[in-house]
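Trainee: One structure, as structure tokens, below. Some questions next.
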Amino acid sequence: FFCWEFCGTMHRLQTITTHVCSSSTENDNENEMDQTRSSEESLTIRDNRTGKEITVPISDDTIPATSLSQLRIRSYDPGYFNTAPAKSAITFIDGDKGILTYRGYPIEVLAERSNFLEVAFLLIHGELPNRIQYDNWKTNIMGHTFIHQNMVELMQNFRYDAHPMGMFISTMAAMGTFYPECNPALQGKGVFSDMYVRNKQIVRIIGKVTTIAACAYRHRIGRPFNMPNSNLGYAENFLYMLDRLQEPSFLPNPRLARALNIMFILHADHELNCSTAAM
């Protein structure tokens with residue numbers, strides 16, 4: 001009986017040992033694969049002056065520039081020709097392949113099937129609006145196309161030959177003084193986390209930017225400013241403010257309005273480049 005029990009115990013030990021060895025081998029193989037994969041997703045840099053080597057991880061085909069500090073060197077790329085300053089969940093662009101997407105939507109599809117206000121909603125909120133969301137969004141923005149009379153007088157006091165871009169930038173900066181309740185220097189940094197204040201400023205800027213641009217143009221050519229027409233679409237209203245003379249029933253050319261809508265869509269997100277960092 002003792003011999004039979006001993007043999008049975010030895011058999012179980014042998015089975016357990018085989019299983020453990022097999023598991024250990026599998027784990028070793030997985031670890032080797034992980035190490036190989038890790039080494040493939042890294043970059044080894046050697047400083048020939050000192051012989052020092054560093055291994056830098058590669059993520060999304062990029063390496064952290066701060067890793068170079070281990071070699072006491074810095075990267076120099078004044079034109080951002082090969083530098084990614086941030087990650088964007090909004091825009092993907094590959095100029096060599098002619099690819100541009102907003103929130104995953106190809107620009108060709110948005111240009112064909114959407115208008116600028118829909119695309120603006122997409123960029124800010126992450127999804128295209130449904131009908132109710134769009135109607136509310138459009139009403140809010142078109143309701144904020146009017147600018148304060150003091151702002152109108154400010155623009156009228158520029159020289160007759162002032163450059164429209166200088167007028168535009170100056171007026172946009174001055175617009176901040178009209179809404180002290182949204183100024184973090186006056187109200188504290190809490191305004192950045194206040195959803196109501198942020199959304200209010202968004203519709204103000206999108207609504208008034210075309211009015212300010214149109215006034216800058218009209219001032220340059222010596223014509224009186226046109227008040228916005230909130231019954232028109234966003235691009236149509238901009239053309240209306242640019243071109244209307246005295247016609248009581250003036251309407252912009254629909255083909256020009258459509259072309260302007262597409263141009264607004266193409267430039268809706270500035271993407272990351274040198275001037276983004278400068279601003």
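If you're wondering about the labels, chains in the structure tokens are A, B, ... by order shown, residues count from 1 in each chain, ligands from 1 in order shown.
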Can you pull out the residues contacting range 112-118 of chain A? Cut-off 7 Å, using only C-alpha atoms, and skip same-chain residues under 6 positions away; I want them as a list of chain:residue names.

Mentor: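 What passes the distance filter is A:Leu128, A:Pro129, A:Tyr134, A:Lys138, A:Asn261, A:Phe264, A:Ile265.
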
Trainee: DSSP on the backbone: what in range 100-213 of chain A comes out alpha helix (DSSP H), as a ChimeraX atom specification?

Mentor: /A:107-113,116-125,131-142,149-156,164-175,184-187,195-213

Trainee: For Met155 in chain A, work out the shell of residues within 8 Å, counting only C-alpha atoms and skipping chain neighbours fewer than 5 positions away, then give it as a PyMOL selection string.

Mentor: chain A and resi 167+171+215-216+219

Trainee: Do you know which residues are at most 12 Å from Pro254 in chain A counting only C-alpha atoms, after dropping those on the same chain fewer than 3 positions away, and could you put them as JSON, numbers by chain?

Mentor: {"A": [232, 233, 235, 236, 237, 239, 240, 250, 251, 257, 258, 259, 260, 261]}

Trainee: Which value, in Å to one decimal, gives the distance between CA of Ile93 in chain A and CA of Ile58 in chain A?

Mentor: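 Separation of CA of Ile93 in chain A and CA of Ile58 in chain A: 20.0 Å.
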
Trainee: Running DSSP on the backbone, which parts of range 36-131 of chain A land in strand (DSSP E or B), as an NGL selection string?

Mentor: :A and (42-46 or 53-57 or 59 or 62 or 91-94 or 99-102 or 105-106)

Trainee: Limited to N, CA and C atoms, could you put the picked residues into a file as a CSV table (one decimal), in the first residue's frame?

Mentor:
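Output below, filename part_26.csv:
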```csv
chain,number,residue,atom,x,y,z
A,42,SER,N,11.5,51.4,-30.3
A,42,SER,CA,12.4,52.3,-29.6
A,42,SER,C,13.5,52.7,-30.6
A,43,LEU,N,14.2,53.8,-30.2
A,43,LEU,CA,15.3,54.3,-31.0
A,43,LEU,C,16.6,54.4,-30.1
A,44,THR,N,17.7,53.8,-30.6
A,44,THR,CA,18.9,53.9,-29.9
A,44,THR,C,19.8,55.0,-30.5
A,45,ILE,N,20.2,56.0,-29.7
A,45,ILE,CA,21.0,57.1,-30.1
A,45,ILE,C,22.4,57.0,-29.5
A,46,ARG,N,23.4,57.2,-30.3
A,46,ARG,CA,24.8,57.1,-29.7
A,46,ARG,C,25.4,58.5,-30.0
A,53,GLU,N,25.2,55.9,-25.1
A,53,GLU,CA,24.0,55.5,-25.8
A,53,GLU,C,22.8,55.6,-25.0
A,54,ILE,N,21.7,56.0,-25.6
A,54,ILE,CA,20.4,56.0,-24.9
A,54,ILE,C,19.4,55.4,-25.8
A,55,THR,N,18.4,54.8,-25.1
A,55,THR,CA,17.3,54.2,-25.9
A,55,THR,C,16.0,55.0,-25.6
A,56,VAL,N,15.4,55.4,-26.6
A,56,VAL,CA,14.3,56.3,-26.5
A,56,VAL,C,13.0,55.6,-27.1
A,57,PRO,N,11.9,55.6,-26.3
A,57,PRO,CA,10.7,54.9,-26.8
A,57,PRO,C,10.1,55.7,-28.0
A,59,SER,N,6.5,56.4,-29.9
A,59,SER,CA,5.1,56.3,-29.8
A,59,SER,C,4.5,57.2,-30.9
A,62,THR,N,6.8,59.1,-33.1
A,62,THR,CA,7.5,60.2,-32.5
A,62,THR,C,8.3,59.8,-31.3
A,91,THR,N,-8.0,67.4,-35.5
A,91,THR,CA,-7.6,67.4,-36.8
A,91,THR,C,-6.5,66.4,-37.1
A,92,PHE,N,-6.6,65.7,-38.2
A,92,PHE,CA,-5.5,64.9,-38.7
A,92,PHE,C,-5.2,65.4,-40.1
A,93,ILE,N,-3.9,65.7,-40.4
A,93,ILE,CA,-3.5,66.2,-41.7
A,93,ILE,C,-2.2,65.5,-42.2
A,94,ASP,N,-2.3,65.1,-43.4
A,94,ASP,CA,-1.1,64.5,-44.1
A,94,ASP,C,-1.0,65.2,-45.4
A,99,ILE,N,-4.5,64.3,-47.2
A,99,ILE,CA,-5.5,63.9,-46.3
A,99,ILE,C,-5.8,64.9,-45.2
A,100,LEU,N,-7.0,65.3,-45.0
A,100,LEU,CA,-7.4,66.2,-43.9
A,100,LEU,C,-8.7,65.7,-43.4
A,101,THR,N,-8.8,65.4,-42.1
A,101,THR,CA,-10.0,65.0,-41.4
A,101,THR,C,-10.3,65.8,-40.2
A,102,TYR,N,-11.5,66.1,-39.9
A,102,TYR,CA,-12.0,66.7,-38.7
A,102,TYR,C,-12.7,65.7,-37.9
A,105,TYR,N,-13.9,62.7,-39.7
A,105,TYR,CA,-14.7,62.9,-40.9
A,105,TYR,C,-13.8,63.5,-42.1
A,106,PRO,N,-13.7,62.8,-43.2
A,106,PRO,CA,-12.9,63.4,-44.3
A,106,PRO,C,-13.4,64.8,-44.7
```

Trainee: Provide the CA of Asn226 in chain A to CA of Leu154 in chain A distance in Å, to one decimal place.

Mentor: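 Pair CA of Asn226 in chain A / CA of Leu154 in chain A returns 15.5 Å.
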
Trainee: Hey, which of A:Met195, A:Ala173, A:Ile73, A:Ala65 ends up closest to Pro85 in chain A? Count only C-alpha atoms.

Mentor: A:Ala65

Trainee: I'd like the interatomic distance between CA of Ser88 in chain A and CA of Arg103 in chain A, to a tenth of an Å.

Mentor: 9.5 Å

Trainee: List as a list in words the protein and nucleic acid residues near Ala213 in chain A, meaning an atom at most 8 Å away when only C-alpha atoms are counted, but skip any in the same chain fewer than 3 places from it.

Mentor: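 Near neighbours after the sequence-gap exclusion: Pro164, Phe168, Val209, Thr210, Ala216 and Tyr217 of chain A.
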